[in-house]
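Down below is the structure, laid out as structure tokens.
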Amino acid sequence: MRLGVLDVGSNTVHLLLIDGRPGARPEPYASHKIPLQLVQYLDAEGNISQEGADALTRFVTSARDFAIENEAEDLLAFSTSAIREAGNGAAVLHQVREQTGVSLNGISGDQEAAITYFAVRRWQGWGAGRILDFDIGGGSFEFSTGTNALPDAAMSVPLGAGRLTREFFDEQPPKPKQVKRLRKYVREQIAPVAENLLRYGAPDMTVGTSKTFRSLARICGAAPYSAGPHVKREMHLQDLRLWTRRMEAMTVSERSDLPGVSKARAEQMLAGAIAAEAAMETFGVETMRVCPWALREGLILKRIEHLAEGTGTPVNPKTLLGA
């Protein structure tokens with residue numbers, strides 16, 4: 001069965017099509033995305049502008065049509081913190097639904113953390129023991145830990161790389177006092193999360209998911225994306241510390257020249273690195289793995305399970321054309 005998952009995040013809107021069946025590994029078929037940063041369309045009151053809502057609607061339309069053209073039999077669409085926290089998020093979702101027929105299902109930060117953990121467990125397997133997962137998005141930072149298919153605990157805090165950049169840096173490179181203030185803030189926010197999650201036990205494996213961690217690992221010397229998903233990729237705290245200090249003095253243009261960093265994400269890489277470093281230090285992690293599966297894959301795996309059990313009904317994109 002060909003399934004599609006449409007992810008509306010803070011940095012990108014992304015449609016992933018996969019071929020999957022119960023008991024088999026989902027195989028990527030096609031991808032359709034644009035670097036639409038909805039947070040750039042927020043006004044002073046925290047509402048998404050009409051321009052931003054229209055841009056999102058156009059992309060969802062193109063994603064729906066792309067799914068149809070590629071014979072997807074099911075389409076799951078969801079939104080995360082960008083719309084979840086916007087003052088007019090419900091109105092934007094209504095516009096998208098009315099004009100495209102696609103309903104973007106909102107998920108909470110804690111749900112996001114739990115579903116990402118579910119995907120990581122599937123990728124790493126039971127032999128990984130207790131997993132601790134970090135996931136940095138544009139608007140939030142998700143944490144989860146567990147030994148089973150579902151996490152013992154999953155938490156989300158507003159420490160996304162884009163959010164921190166907007167709130168703490170008013171110029172690039174930022175002033176040392178701005179960096180110092182951000183370091184202090186993220187540690188204060190992560191400390192109670194670590195206290196909560198470490199009550200369940202120290203991790204046997206710490207994993208980083210999301211584009212931020214993949215980019216940071218690449219900067220720190222991990223294999224490039226072109227090497228394939230099965231190459232073991234690790235990031236060491238000592239390397240992250242070194243590169244975080246280097247990025248503090250870099251312009252956005254200089255950061256975009258670093259391996260694994262796109263122009264669209266270069267501005268927020270420093271804030272993401274500071275948050276990642278603070279998490280590793282607070283949890284006492286010296287080395288972490290980077291996992292290619294995250295939220296989208298977790299949703300796909302869950303969807304396949306529900307369809308196989310008869311507890312879910314496929315949403316064929318063709319039925320949405322009458323919108």
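How things are named: the first chain in the structure tokens is A, the next is B, and so on; residues count from 1 in each chain; ligands count from 1 in the order shown.
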
Please build the interface table for segment 135-238 of chain A against segment 265-276 of chain A with a cut-off of 12 Å, listing for each qualifying residue the nearest atom pair and the distance in Å to one decimal; count only C-alpha atoms, order rows by chain and increasing number, and write it as a tab-separated table.
residue	atom	partner	partner_atom	distance
A:Asp135	CA	A:Ala276	CA	9.0
A:Ile136	CA	A:Gly272	CA	7.1
A:Gly137	CA	A:Gly272	CA	8.6
A:Gly138	CA	A:Gln268	CA	8.5
A:Gly139	CA	A:Gly272	CA	10.7
A:Ser140	CA	A:Gly272	CA	10.5
A:Phe141	CA	A:Ala275	CA	8.5
A:Glu142	CA	A:Ala276	CA	11.2
A:Phe143	CA	A:Ala276	CA	11.4
A:Val157	CA	A:Ala275	CA	11.2
A:Pro158	CA	A:Ala275	CA	10.9
A:Leu159	CA	A:Ala275	CA	7.2
A:Gly160	CA	A:Gly272	CA	7.1
A:Ala161	CA	A:Gly272	CA	4.5
A:Gly162	CA	A:Gln268	CA	5.5
A:Arg163	CA	A:Gln268	CA	8.6
A:Leu164	CA	A:Ala271	CA	6.1
A:Thr165	CA	A:Gln268	CA	5.7
A:Arg166	CA	A:Gln268	CA	8.6
A:Glu167	CA	A:Ala271	CA	10.2
A:Phe168	CA	A:Ala271	CA	8.8
A:Phe169	CA	A:Ala271	CA	8.8
A:Asp170	CA	A:Glu267	CA	11.2
A:Glu171	CA	A:Glu267	CA	10.0
A:Gln172	CA	A:Glu267	CA	7.8
A:Pro173	CA	A:Glu267	CA	9.2
A:Pro174	CA	A:Leu270	CA	9.5
A:Gln178	CA	A:Ala271	CA	10.7
A:Val179	CA	A:Ala271	CA	8.5
A:Lys180	CA	A:Ile274	CA	10.0
A:Arg181	CA	A:Ile274	CA	11.1
A:Leu182	CA	A:Ile274	CA	7.9
A:Arg183	CA	A:Ile274	CA	6.5
A:Lys184	CA	A:Ile274	CA	10.1
A:Tyr185	CA	A:Ala275	CA	9.6
A:Val186	CA	A:Ala275	CA	6.2
A:Arg187	CA	A:Ala275	CA	8.1
A:Glu188	CA	A:Ala275	CA	11.1
A:Gln189	CA	A:Ala275	CA	10.0
A:Ile190	CA	A:Ala275	CA	8.8
A:Ala191	CA	A:Ala275	CA	11.9
A:Val207	CA	A:Ala276	CA	11.4
A:Gly208	CA	A:Ala276	CA	9.0
A:Thr209	CA	A:Ala276	CA	11.1
A:Ser210	CA	A:Gly272	CA	10.9
A:Lys211	CA	A:Arg265	CA	9.3
A:Thr212	CA	A:Gly272	CA	6.5
A:Phe213	CA	A:Ala276	CA	7.8
A:Arg214	CA	A:Ala273	CA	11.2
A:Ser215	CA	A:Met269	CA	8.4
A:Leu216	CA	A:Ala273	CA	6.9
A:Ala217	CA	A:Ala273	CA	10.1
A:Ile219	CA	A:Ala273	CA	10.5
A:Cys220	CA	A:Ala273	CA	10.9
A:Met235	CA	A:Ala276	CA	10.6
A:His236	CA	A:Ala276	CA	11.1
A:Leu237	CA	A:Ala276	CA	9.2

Using DSSP assignments from the backbone, pull out every residue in segment 91-140 of chain A that falls under strand (DSSP E) and give it to me as a VMD selection string.
chain A and resid 105 to 106 131 to 136

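When only C-alpha atoms are used to measure the gap to Val60 of chain A, the shortest distance among A:Asp152, A:Glu305, A:Asp204, A:Asp7 belongs to A:Asp7.
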
Mind checking DSSP for segment 1-204 of chain A and telling me the helix (DSSP H, G or I) residues as number ranges by chain?
A: 38-41, 50-69, 81-84, 89-100, 109-124, 126-128, 161-168, 176-200

Atom CA of Tyr117 of chain A to atom CA of Ala227 of chain A, distance in Å rounded to a single decimal
24.0 Å

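If you measure from each of A:Ala153, A:Leu42, A:Leu197, A:Val290 to Asp110 of chain A using only C-alpha atoms, the closest one turns out to be A:Ala153.
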
Non-local contacts of segment 85-88 of chain A (12 Å; only C-alpha atoms; under 5 positions in same chain excluded) as an mmCIF file with all heavy atoms, in the first residue's frame:
data_model
loop_
_atom_site.group_PDB
_atom_site.id
_atom_site.type_symbol
_atom_site.label_atom_id
_atom_site.label_comp_id
_atom_site.auth_asym_id
_atom_site.auth_seq_id
_atom_site.Cartn_x
_atom_site.Cartn_y
_atom_site.Cartn_z
ATOM 1 N N GLY A 9 5.473 21.631 9.547
ATOM 2 C CA GLY A 9 6.300 22.010 10.681
ATOM 3 C C GLY A 9 6.635 23.484 10.684
ATOM 4 O O GLY A 9 6.103 24.260 9.881
ATOM 5 N N SER A 10 7.527 23.869 11.563
ATOM 6 C CA SER A 10 7.908 25.273 11.674
ATOM 7 C C SER A 10 8.860 25.702 10.573
ATOM 8 O O SER A 10 8.866 26.865 10.159
ATOM 9 C CB SER A 10 8.567 25.529 13.034
ATOM 10 O OG SER A 10 7.682 25.256 14.088
ATOM 11 N N LEU A 38 6.724 28.934 8.446
ATOM 12 C CA LEU A 38 5.506 29.634 8.847
ATOM 13 C C LEU A 38 5.761 30.671 9.929
ATOM 14 O O LEU A 38 5.041 31.675 10.016
ATOM 15 C CB LEU A 38 4.462 28.621 9.329
ATOM 16 C CG LEU A 38 3.774 27.801 8.235
ATOM 17 C CD1 LEU A 38 2.868 26.757 8.864
ATOM 18 C CD2 LEU A 38 2.979 28.703 7.306
ATOM 19 N N VAL A 39 6.784 30.460 10.747
ATOM 20 C CA VAL A 39 7.060 31.417 11.817
ATOM 21 C C VAL A 39 7.438 32.784 11.267
ATOM 22 O O VAL A 39 7.310 33.793 11.955
ATOM 23 C CB VAL A 39 8.168 30.894 12.746
ATOM 24 C CG1 VAL A 39 7.681 29.697 13.536
ATOM 25 C CG2 VAL A 39 9.428 30.547 11.963
ATOM 26 N N GLN A 40 7.908 32.831 10.029
ATOM 27 C CA GLN A 40 8.244 34.114 9.422
ATOM 28 C C GLN A 40 6.995 34.917 9.061
ATOM 29 O O GLN A 40 7.094 36.107 8.752
ATOM 30 C CB GLN A 40 9.103 33.904 8.182
ATOM 31 C CG GLN A 40 10.483 33.336 8.478
ATOM 32 C CD GLN A 40 11.363 33.254 7.250
ATOM 33 O OE1 GLN A 40 10.896 33.420 6.118
ATOM 34 N NE2 GLN A 40 12.638 32.991 7.457
ATOM 35 N N TYR A 41 5.855 34.256 9.090
ATOM 36 C CA TYR A 41 4.597 34.924 8.759
ATOM 37 C C TYR A 41 3.793 35.300 10.002
ATOM 38 O O TYR A 41 2.629 35.683 9.894
ATOM 39 C CB TYR A 41 3.741 34.028 7.860
ATOM 40 C CG TYR A 41 4.330 33.804 6.483
ATOM 41 C CD1 TYR A 41 5.095 32.675 6.217
ATOM 42 C CD2 TYR A 41 4.128 34.723 5.462
ATOM 43 C CE1 TYR A 41 5.638 32.457 4.964
ATOM 44 C CE2 TYR A 41 4.657 34.512 4.203
ATOM 45 C CZ TYR A 41 5.422 33.386 3.960
ATOM 46 O OH TYR A 41 5.956 33.179 2.712
ATOM 47 N N LEU A 42 4.408 35.183 11.183
ATOM 48 C CA LEU A 42 3.716 35.549 12.418
ATOM 49 C C LEU A 42 3.755 37.057 12.627
ATOM 50 O O LEU A 42 4.805 37.689 12.462
ATOM 51 C CB LEU A 42 4.357 34.843 13.619
ATOM 52 C CG LEU A 42 4.191 33.327 13.711
ATOM 53 C CD1 LEU A 42 4.965 32.793 14.904
ATOM 54 C CD2 LEU A 42 2.723 32.961 13.824
ATOM 55 N N ASP A 43 2.627 37.631 13.017
ATOM 56 C CA ASP A 43 2.602 39.058 13.317
ATOM 57 C C ASP A 43 2.882 39.281 14.803
ATOM 58 O O ASP A 43 3.186 38.335 15.547
ATOM 59 C CB ASP A 43 1.261 39.688 12.907
ATOM 60 C CG ASP A 43 0.063 39.073 13.627
ATOM 61 O OD1 ASP A 43 0.253 38.495 14.730
ATOM 62 O OD2 ASP A 43 -1.062 39.184 13.117
ATOM 63 N N ALA A 44 2.774 40.527 15.250
ATOM 64 C CA ALA A 44 3.113 40.868 16.637
ATOM 65 C C ALA A 44 2.202 40.176 17.643
ATOM 66 O O ALA A 44 2.583 39.967 18.804
ATOM 67 C CB ALA A 44 3.046 42.380 16.824
ATOM 68 N N GLU A 45 0.988 39.806 17.219
ATOM 69 C CA GLU A 45 0.041 39.137 18.110
ATOM 70 C C GLU A 45 0.174 37.612 18.063
ATOM 71 O O GLU A 45 -0.581 36.903 18.732
ATOM 72 C CB GLU A 45 -1.403 39.523 17.750
ATOM 73 C CG GLU A 45 -1.812 40.922 18.169
ATOM 74 C CD GLU A 45 -1.153 41.992 17.302
ATOM 75 O OE1 GLU A 45 -1.094 41.795 16.054
ATOM 76 O OE2 GLU A 45 -0.677 43.010 17.854
ATOM 77 N N GLY A 46 1.112 37.116 17.272
ATOM 78 C CA GLY A 46 1.299 35.674 17.184
ATOM 79 C C GLY A 46 0.357 34.995 16.214
ATOM 80 O O GLY A 46 0.175 33.767 16.282
ATOM 81 N N ASN A 47 -0.239 35.746 15.294
ATOM 82 C CA ASN A 47 -1.119 35.175 14.288
ATOM 83 C C ASN A 47 -0.377 34.976 12.970
ATOM 84 O O ASN A 47 0.523 35.762 12.621
ATOM 85 C CB ASN A 47 -2.317 36.092 14.038
ATOM 86 C CG ASN A 47 -3.221 36.198 15.247
ATOM 87 O OD1 ASN A 47 -3.521 35.204 15.903
ATOM 88 N ND2 ASN A 47 -3.651 37.416 15.564
ATOM 89 N N ILE A 48 -0.745 33.935 12.227
ATOM 90 C CA ILE A 48 -0.186 33.715 10.896
ATOM 91 C C ILE A 48 -0.889 34.655 9.928
ATOM 92 O O ILE A 48 -2.121 34.716 9.876
ATOM 93 C CB ILE A 48 -0.376 32.255 10.461
ATOM 94 C CG1 ILE A 48 0.404 31.321 11.405
ATOM 95 C CG2 ILE A 48 0.089 32.045 9.023
ATOM 96 C CD1 ILE A 48 0.156 29.840 11.152
ATOM 97 N N SER A 49 -0.113 35.402 9.164
ATOM 98 C CA SER A 49 -0.683 36.369 8.232
ATOM 99 C C SER A 49 -1.457 35.664 7.125
ATOM 100 O O SER A 49 -1.299 34.462 6.893
ATOM 101 C CB SER A 49 0.423 37.227 7.613
ATOM 102 O OG SER A 49 1.236 36.429 6.756
ATOM 103 N N GLN A 50 -2.284 36.439 6.412
ATOM 104 C CA GLN A 50 -3.030 35.867 5.300
ATOM 105 C C GLN A 50 -2.082 35.370 4.216
ATOM 106 O O GLN A 50 -2.334 34.349 3.576
ATOM 107 C CB GLN A 50 -3.995 36.896 4.713
ATOM 108 C CG GLN A 50 -4.976 36.317 3.709
ATOM 109 C CD GLN A 50 -5.827 35.192 4.311
ATOM 110 O OE1 GLN A 50 -6.410 35.362 5.370
ATOM 111 N NE2 GLN A 50 -5.879 34.042 3.642
ATOM 112 N N GLY A 52 0.842 34.058 4.719
ATOM 113 C CA GLY A 52 1.333 32.759 5.159
ATOM 114 C C GLY A 52 0.290 31.671 5.008
ATOM 115 O O GLY A 52 0.596 30.545 4.590
ATOM 116 N N ALA A 53 -0.967 31.980 5.361
ATOM 117 C CA ALA A 53 -2.048 30.998 5.233
ATOM 118 C C ALA A 53 -2.257 30.614 3.771
ATOM 119 O O ALA A 53 -2.479 29.432 3.452
ATOM 120 C CB ALA A 53 -3.342 31.571 5.820
ATOM 121 N N SER A 79 -0.126 18.787 11.697
ATOM 122 C CA SER A 79 0.608 20.024 11.947
ATOM 123 C C SER A 79 1.175 19.987 13.354
ATOM 124 O O SER A 79 0.613 19.367 14.251
ATOM 125 C CB SER A 79 -0.308 21.242 11.782
ATOM 126 O OG SER A 79 -1.393 21.187 12.692
ATOM 127 N N THR A 80 2.315 20.669 13.528
ATOM 128 C CA THR A 80 2.976 20.690 14.830
ATOM 129 C C THR A 80 2.949 22.099 15.410
ATOM 130 O O THR A 80 1.966 22.805 15.261
ATOM 131 C CB THR A 80 4.404 20.131 14.702
ATOM 132 O OG1 THR A 80 5.110 20.868 13.688
ATOM 133 C CG2 THR A 80 4.392 18.662 14.310
ATOM 134 N N LEU A 93 -6.269 26.352 9.739
ATOM 135 C CA LEU A 93 -6.630 24.965 9.443
ATOM 136 C C LEU A 93 -7.968 24.892 8.702
ATOM 137 O O LEU A 93 -8.144 24.071 7.794
ATOM 138 C CB LEU A 93 -6.711 24.155 10.741
ATOM 139 C CG LEU A 93 -5.395 23.958 11.503
ATOM 140 C CD1 LEU A 93 -5.653 23.191 12.798
ATOM 141 C CD2 LEU A 93 -4.375 23.226 10.648
ATOM 142 N N HIS A 94 -8.896 25.763 9.092
ATOM 143 C CA HIS A 94 -10.212 25.797 8.427
ATOM 144 C C HIS A 94 -10.052 26.215 6.973
ATOM 145 O O HIS A 94 -10.673 25.617 6.077
ATOM 146 C CB HIS A 94 -11.137 26.765 9.161
ATOM 147 C CG HIS A 94 -12.489 26.897 8.517
ATOM 148 N ND1 HIS A 94 -13.464 25.933 8.621
ATOM 149 C CD2 HIS A 94 -13.011 27.895 7.739
ATOM 150 C CE1 HIS A 94 -14.536 26.317 7.950
ATOM 151 N NE2 HIS A 94 -14.286 27.504 7.399
ATOM 152 N N GLN A 95 -9.230 27.230 6.717
ATOM 153 C CA GLN A 95 -9.012 27.669 5.338
ATOM 154 C C GLN A 95 -8.422 26.552 4.495
ATOM 155 O O GLN A 95 -8.886 26.306 3.368
ATOM 156 C CB GLN A 95 -8.083 28.882 5.306
ATOM 157 C CG GLN A 95 -7.688 29.283 3.876
ATOM 158 C CD GLN A 95 -6.755 30.467 3.813
ATOM 159 O OE1 GLN A 95 -6.945 31.445 4.544
ATOM 160 N NE2 GLN A 95 -5.754 30.423 2.941
ATOM 161 N N GLY A 106 -3.940 18.342 14.276
ATOM 162 C CA GLY A 106 -2.973 18.882 15.212
ATOM 163 C C GLY A 106 -2.545 17.829 16.221
ATOM 164 O O GLY A 106 -3.367 17.038 16.689
ATOM 165 N N ILE A 107 -1.250 17.776 16.534
ATOM 166 C CA ILE A 107 -0.771 16.883 17.575
ATOM 167 C C ILE A 107 -0.015 17.712 18.608
ATOM 168 O O ILE A 107 0.621 18.717 18.280
ATOM 169 C CB ILE A 107 0.131 15.751 17.027
ATOM 170 C CG1 ILE A 107 1.355 16.315 16.307
ATOM 171 C CG2 ILE A 107 -0.642 14.846 16.101
ATOM 172 C CD1 ILE A 107 2.319 15.248 15.853
ATOM 173 N N SER A 108 -0.101 17.310 19.846
ATOM 174 C CA SER A 108 0.550 18.049 20.924
ATOM 175 C C SER A 108 2.051 17.763 20.925
ATOM 176 O O SER A 108 2.524 16.802 20.305
ATOM 177 C CB SER A 108 -0.049 17.655 22.269
ATOM 178 O OG SER A 108 0.327 16.328 22.611
ATOM 179 N N GLY A 109 2.795 18.581 21.658
ATOM 180 C CA GLY A 109 4.216 18.364 21.763
ATOM 181 C C GLY A 109 4.565 17.034 22.405
ATOM 182 O O GLY A 109 5.490 16.334 21.966
ATOM 183 N N GLY A 139 10.141 24.990 16.511
ATOM 184 C CA GLY A 139 9.458 25.652 17.613
ATOM 185 C C GLY A 139 9.607 24.972 18.958
ATOM 186 O O GLY A 139 9.423 25.608 19.999
ATOM 187 N N SER A 140 9.927 23.673 18.974
ATOM 188 C CA SER A 140 9.973 22.946 20.242
ATOM 189 C C SER A 140 11.075 21.899 20.247
ATOM 190 O O SER A 140 11.628 21.541 19.203
ATOM 191 C CB SER A 140 8.621 22.285 20.520
ATOM 192 O OG SER A 140 8.269 21.405 19.457
ATOM 193 N N PRO A 158 9.390 24.480 24.843
ATOM 194 C CA PRO A 158 9.501 25.458 23.746
ATOM 195 C C PRO A 158 10.932 25.916 23.516
ATOM 196 O O PRO A 158 11.273 27.084 23.699
ATOM 197 C CB PRO A 158 8.597 26.591 24.224
ATOM 198 C CG PRO A 158 8.658 26.524 25.709
ATOM 199 C CD PRO A 158 8.742 25.063 26.046
ATOM 200 N N ARG A 163 12.649 29.265 17.198
ATOM 201 C CA ARG A 163 12.082 30.078 18.274
ATOM 202 C C ARG A 163 13.196 30.755 19.087
ATOM 203 O O ARG A 163 13.133 31.958 19.371
ATOM 204 C CB ARG A 163 11.237 29.202 19.193
ATOM 205 C CG ARG A 163 10.609 29.966 20.359
ATOM 206 C CD ARG A 163 10.133 28.990 21.429
ATOM 207 N NE ARG A 163 9.105 28.104 20.941
ATOM 208 C CZ ARG A 163 7.806 28.373 20.967
ATOM 209 N NH1 ARG A 163 7.367 29.518 21.478
ATOM 210 N NH2 ARG A 163 6.940 27.502 20.501
#

How far is it from atom CA of Phe78 of chain A to atom CA of Thr145 of chain A, in Å with one decimal?
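Computing the Euclidean distance for atom CA of Phe78 of chain A and atom CA of Thr145 of chain A yields 23.3 Å.
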
Gln111 of chain A surroundings by only C-alpha atoms, 9 Å radius, close-in-sequence under 4 positions cut, as a count of residues only:
6
